[in-house]
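> First, the structure itself, so that you have it in front of you.
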Amino acid sequence: MGTLQMHAENIFPIIKKWLYSDKDIFVRELVSNACDALSKLQILQRSEELDLGESPFEIHVLVNRDDKTIRIIDNGIGMTANEVEQYIAQVAFSGAESFMQKYQTSNEKDQIIGHFGLGFFSAYMVASSVEIHTLSYKEGSQAVHWKCDEGSFEYTLDSSDRQERGTEIILHVAEEHKEYLQDHRIEEILRRYCSFLPFPLHFGDVHVNNKEPLWLKSASECSEEDYLEFYRHLYPMDPDPSFWVHLDVDYPFHMKGVLYFPKLDRRHMNERDHGIQLFCNRIFVTKGCQDLLPSYLDVLKGAIDSPDIPLNVSRSFLQMNPTVRQISAHIAKKIADQLKRLFNNDRDRFLKIWSDTEAIIKVGAMQDTKFFRMVEDILVWKSLDGTWKSLKELSESNTTIFYVHEDRPAPQLLDLYKDRGVELIEAHPLLDSHFFLFIEREMNTRFPSLKFQRVDAELHSQLIDTSKGNDLLDVEGKTEATKLVECAKRLMSEEGLEIEAKGLHSKKMFGVVLMNEQQRRLRDIMNTNAETKMSGISRTLVLNTNHPLCSALPSLEKRETPLAQQLMRGMYRLVLLGQREMPPEMLKEYVEEATCLMMKAARIDGEEEISKS
């Protein structure tokens, strides 16, 4: 049996070049170590009742461009010579782990950041040599000085003249990394990673972390203004969010945080690099964190702090494991719970934020059936009369739910629905083609007859006028509707077009074009893809036997067939135009024919020239 051998000359290049992808992290790691030194001393102070005087626990970072050094100074636990040998000279030995094993505590504030024992060596990414001056808190301890150059794998350990408890780390910055001797550079890194450190952090005269993380408070202690102010601190360029969720989980994992649902526009919908900020014991780790969220919630912003989230060795990236999946599911549930709370307790506010949340909720419902069950009762649509109806209210009172897109085509048809008291809801023009199909499938067991139909998919029975006797037979055994259909078919032949005639409760419209709901949905879905277009769709032209133009068509055909043909084509195309279904290539021909009809009506010559031009 053998023993694996590890040589420092092989490990150092790995640490320097491959372990840390971002050189800025050396600041975070060294400040984190200083924070741990203070945390350890604080734990000891409580457990062993140490008398440490009244000097506050704090960390100082200093940059000296003249001697090309960066200093990180704390007045924490310090180290003896033996501890320096143990914690610094042994690569990948974690003093934090051994300390927490010895001093286990139930206080959730007693958190140690370090885990892997490698953070200190990140200093060599920018430093040609590193010094440590340290004095242990233990009575009678002697100050120690440790130094190691980058190219050498030997260190010196001797006495130091340090008089105060704690540790000072001195980085002698290499010439090629002198950018880190700029004050603004170090201050920016400190604010990014260490803004919520639990102990005062000073960069020169600047107090870097003067903002308390809101997630440490309970939700009952936070006002609306507290949440808004914290969001503005995290995202100073954003408009105020729509709503937020306060996270505080102790089992089966520990997690705190505040998540915000931002106001969404096209710019923010495409923003993914300013999402959730992930912290580990108040130290910033990374932003984005899509793996922590279901994909449909990756627009969320805010902060999550958890010691249980698995990170890679450099504490830069999230690693997938069952805890991450549990967190993702928990966040989805918390979002659904907060939306339901608003829906039930503050309906006006819920409706006010609906435009910001609708797309995310519907996409989430389609991607995650569990999420759909959680939000099913709060799905709402606005009726044309201005009232809001939930899916539950709509499905319990209708087997067919008629809808119109937000652009509201065919105003005469909508007026007819309104006059006849048929309820119409406004549908999202992009999402609902998918979403209605999803709802019909998911709710089939409870409401097997439930279906959504656009106003131009079929005519509601209340729109049909049965009082005019249009179904009476004449001497030829034909109804008025039958004669009108036969006439229309002789006057116009359009591929894929069926023609019907019905009496409608309106004399303002001479017809409506109906399209198969499923075909039209498929067309709308396919046409949202720039690479896939569906143009062919079957249509039915329903002529209104109660409109004078339709009634006049058969007699006009007998007197002047060409004019009747022009009129029939014009009527059909005008209906398509009113319903916003006219193909672009048809518009030019329609304009020319309409011009000819108007010239005939005005008894002006020149129709032939227009048709040839």
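Going by the structure tokens order, chains are called A, B, ..., each with residues numbered from 1, while ligands are numbered from 1 in the order shown.
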Considering only C-alpha atoms, return as a list in words whatever protein or nucleic-acid residues lie within 9 Å of Ile537 in chain A, sequence-local ones (same chain, fewer than 6 positions apart) excluded.
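Near neighbours after the sequence-gap exclusion: Gly496, Met515, Asn516, Gln519, Arg520 and Arg523 of chain A.
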> Kindly provide the residues of range 439-528 of chain A that approach range 377-394 of chain A to within 12 Å, each paired with its closest atom pair and their distance in Å to one decimal, based on only C-alpha atoms, listed by chain and increasing number, as a tab-separated table.

residue	atom	partner	partner_atom	distance
A:Ile439	CA	A:Leu391	CA	9.4
A:Glu440	CA	A:Leu391	CA	11.4
A:Met443	CA	A:Leu391	CA	10.6
A:Arg446	CA	A:Lys392	CA	11.2
A:Phe447	CA	A:Lys392	CA	10.7
A:Leu450	CA	A:Leu394	CA	9.7
A:Lys451	CA	A:Leu394	CA	10.7
A:Phe452	CA	A:Leu394	CA	10.4
> For the residues in the current selection, export N, CA and C atoms as a JSON list (two decimals), in the first residue's frame.

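Once written, out.json looks like this:
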[["chain", "number", "residue", "atom", "x", "y", "z"],
["A", 439, "ILE", "N", -54.39, 24.78, -20.74],
["A", 439, "ILE", "CA", -55.47, 24.74, -19.74],
["A", 439, "ILE", "C", -56.52, 23.70, -20.13],
["A", 440, "GLU", "N", -56.91, 23.68, -21.40],
["A", 440, "GLU", "CA", -57.90, 22.70, -21.85],
["A", 440, "GLU", "C", -57.45, 21.27, -21.56],
["A", 443, "MET", "N", -57.17, 20.75, -17.47],
["A", 443, "MET", "CA", -58.44, 20.79, -16.73],
["A", 443, "MET", "C", -59.48, 19.87, -17.32],
["A", 446, "ARG", "N", -61.72, 17.76, -14.90],
["A", 446, "ARG", "CA", -62.73, 18.49, -14.12],
["A", 446, "ARG", "C", -63.76, 19.17, -15.00],
["A", 447, "PHE", "N", -63.30, 19.70, -16.14],
["A", 447, "PHE", "CA", -64.20, 20.42, -17.04],
["A", 447, "PHE", "C", -63.98, 19.89, -18.46],
["A", 450, "LEU", "N", -64.76, 22.21, -21.43],
["A", 450, "LEU", "CA", -64.20, 23.57, -21.44],
["A", 450, "LEU", "C", -63.35, 23.80, -22.68],
["A", 451, "LYS", "N", -63.60, 24.91, -23.34],
["A", 451, "LYS", "CA", -62.78, 25.30, -24.49],
["A", 451, "LYS", "C", -62.76, 26.81, -24.61],
["A", 452, "PHE", "N", -61.68, 27.31, -25.18],
["A", 452, "PHE", "CA", -61.52, 28.73, -25.45],
["A", 452, "PHE", "C", -61.69, 28.95, -26.96]]
> How many Å separate CA of Thr595 in chain A from CA of Gly578 in chain A?
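Interatomic distance here is 17.5 Å.
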> Counting only C-alpha atoms, what is within 12 Å of Asp248 in chain A, bar same-chain residues fewer than 5 positions away, as a PyMOL selection string?
chain A and resi 214-220+253-259+304-306+327+330-331+334
> Deliver the residues from the most recent selection as a file, using N, CA and C atoms, as a PDB file, in the first residue's frame.

ATOM      1  N   LEU A 214     -30.803  43.121   4.721  1.00  0.00           N
ATOM      2  CA  LEU A 214     -32.200  43.069   5.143  1.00  0.00           C
ATOM      3  C   LEU A 214     -32.644  41.648   5.459  1.00  0.00           C
ATOM      4  N   TRP A 215     -32.004  40.658   4.849  1.00  0.00           N
ATOM      5  CA  TRP A 215     -32.449  39.276   5.039  1.00  0.00           C
ATOM      6  C   TRP A 215     -32.209  38.778   6.475  1.00  0.00           C
ATOM      7  N   LEU A 216     -31.382  39.500   7.256  1.00  0.00           N
ATOM      8  CA  LEU A 216     -31.161  39.084   8.633  1.00  0.00           C
ATOM      9  C   LEU A 216     -32.337  39.436   9.533  1.00  0.00           C
ATOM     10  N   LYS A 217     -33.165  40.360   9.112  1.00  0.00           N
ATOM     11  CA  LYS A 217     -34.349  40.720   9.881  1.00  0.00           C
ATOM     12  C   LYS A 217     -35.487  39.760   9.543  1.00  0.00           C
ATOM     13  N   SER A 218     -36.459  39.660  10.423  1.00  0.00           N
ATOM     14  CA  SER A 218     -37.657  38.900  10.100  1.00  0.00           C
ATOM     15  C   SER A 218     -38.575  39.773   9.257  1.00  0.00           C
ATOM     16  N   ALA A 219     -39.453  39.133   8.499  1.00  0.00           N
ATOM     17  CA  ALA A 219     -40.363  39.885   7.627  1.00  0.00           C
ATOM     18  C   ALA A 219     -41.234  40.847   8.424  1.00  0.00           C
ATOM     19  N   SER A 220     -41.599  40.477   9.641  1.00  0.00           N
ATOM     20  CA  SER A 220     -42.463  41.339  10.462  1.00  0.00           C
ATOM     21  C   SER A 220     -41.773  42.620  10.883  1.00  0.00           C
ATOM     22  N   PHE A 253     -32.670  22.857   4.909  1.00  0.00           N
ATOM     23  CA  PHE A 253     -31.446  23.598   4.653  1.00  0.00           C
ATOM     24  C   PHE A 253     -31.628  24.981   5.267  1.00  0.00           C
ATOM     25  N   HIS A 254     -30.516  25.678   5.438  1.00  0.00           N
ATOM     26  CA  HIS A 254     -30.568  27.034   5.971  1.00  0.00           C
ATOM     27  C   HIS A 254     -30.454  28.013   4.804  1.00  0.00           C
ATOM     28  N   MET A 255     -31.367  28.936   4.768  1.00  0.00           N
ATOM     29  CA  MET A 255     -31.353  29.932   3.699  1.00  0.00           C
ATOM     30  C   MET A 255     -32.129  31.165   4.143  1.00  0.00           C
ATOM     31  N   LYS A 256     -31.567  32.304   3.900  1.00  0.00           N
ATOM     32  CA  LYS A 256     -32.251  33.570   4.122  1.00  0.00           C
ATOM     33  C   LYS A 256     -32.109  34.398   2.850  1.00  0.00           C
ATOM     34  N   GLY A 257     -32.995  35.334   2.676  1.00  0.00           N
ATOM     35  CA  GLY A 257     -32.875  36.187   1.504  1.00  0.00           C
ATOM     36  C   GLY A 257     -34.123  37.002   1.264  1.00  0.00           C
ATOM     37  N   VAL A 258     -34.015  37.898   0.308  1.00  0.00           N
ATOM     38  CA  VAL A 258     -35.149  38.691  -0.166  1.00  0.00           C
ATOM     39  C   VAL A 258     -35.112  38.648  -1.688  1.00  0.00           C
ATOM     40  N   LEU A 259     -36.195  38.161  -2.282  1.00  0.00           N
ATOM     41  CA  LEU A 259     -36.291  38.081  -3.734  1.00  0.00           C
ATOM     42  C   LEU A 259     -37.324  39.080  -4.239  1.00  0.00           C
ATOM     43  N   ILE A 304     -29.719  36.002  -1.877  1.00  0.00           N
ATOM     44  CA  ILE A 304     -29.889  34.768  -1.110  1.00  0.00           C
ATOM     45  C   ILE A 304     -28.590  34.502  -0.368  1.00  0.00           C
ATOM     46  N   ASP A 305     -28.705  34.180   0.913  1.00  0.00           N
ATOM     47  CA  ASP A 305     -27.539  33.853   1.730  1.00  0.00           C
ATOM     48  C   ASP A 305     -27.772  32.487   2.353  1.00  0.00           C
ATOM     49  N   SER A 306     -26.884  31.557   2.047  1.00  0.00           N
ATOM     50  CA  SER A 306     -27.031  30.207   2.594  1.00  0.00           C
ATOM     51  C   SER A 306     -25.674  29.555   2.759  1.00  0.00           C
ATOM     52  N   ILE A 327     -34.033  23.971  -3.005  1.00  0.00           N
ATOM     53  CA  ILE A 327     -34.121  25.424  -2.922  1.00  0.00           C
ATOM     54  C   ILE A 327     -34.942  25.965  -4.077  1.00  0.00           C
ATOM     55  N   HIS A 330     -38.540  25.340  -3.438  1.00  0.00           N
ATOM     56  CA  HIS A 330     -39.032  26.183  -2.333  1.00  0.00           C
ATOM     57  C   HIS A 330     -39.285  27.615  -2.812  1.00  0.00           C
ATOM     58  N   ILE A 331     -38.391  28.127  -3.638  1.00  0.00           N
ATOM     59  CA  ILE A 331     -38.558  29.494  -4.139  1.00  0.00           C
ATOM     60  C   ILE A 331     -39.824  29.603  -4.983  1.00  0.00           C
ATOM     61  N   LYS A 334     -42.736  29.768  -2.659  1.00  0.00           N
ATOM     62  CA  LYS A 334     -42.830  31.060  -1.961  1.00  0.00           C
ATOM     63  C   LYS A 334     -43.383  32.150  -2.876  1.00  0.00           C
TER      64      LYS A 334
END
> Which residue is closest to Ser223 in chain A? Choose from A:Val208, A:Glu480, A:Ala336, A:Trp244 and count only C-alpha atoms.
A:Trp244
> Using only C-alpha atoms, can you tell me which of A:Leu62, A:Leu297, A:Cys550, A:Leu135 comes closest to Ile360 in chain A?
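For Ile360 in chain A, the nearest of the candidates is A:Leu297.
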> Restricting the calculation to only C-alpha atoms, which member of A:Arg46, A:Arg165, A:Arg569, A:His547 is positioned closest to Gly503 in chain A?
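Closest to Gly503 in chain A, using only C-alpha atoms: A:His547.
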> May I have all residues of range 435-609 of chain A that DSSP, computed from the backbone, assigns to strand (DSSP E or B), given as a PyMOL selection string?
chain A and resi 451-454+464+497-502+504+511-515+539-544
> To one decimal place, how far is CA of Ile189 in chain A from CA of Pro307 in chain A in Å?
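One can read the CA of Ile189 in chain A to CA of Pro307 in chain A distance as 21.7 Å.
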> With only C-alpha atoms as the atoms that count, which of A:Ala488, A:Ile73, A:Ala174, A:Val144 lies nearest to Ala123 in chain A?
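Result for the nearest residue to Ala123 in chain A: A:Ala174.
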> Can you list, as a PyMOL selection string, every residue of range 459-612 of chain A that DSSP puts in helix (DSSP H, G or I)?
chain A and resi 461-463+480-491+517-527+548-559+561-578+584-601+607-612
> Quick check, in Å to one decimal: how far apart do CA of Lys507 in chain A and CA of Thr545 in chain A lie?
9.1 Å
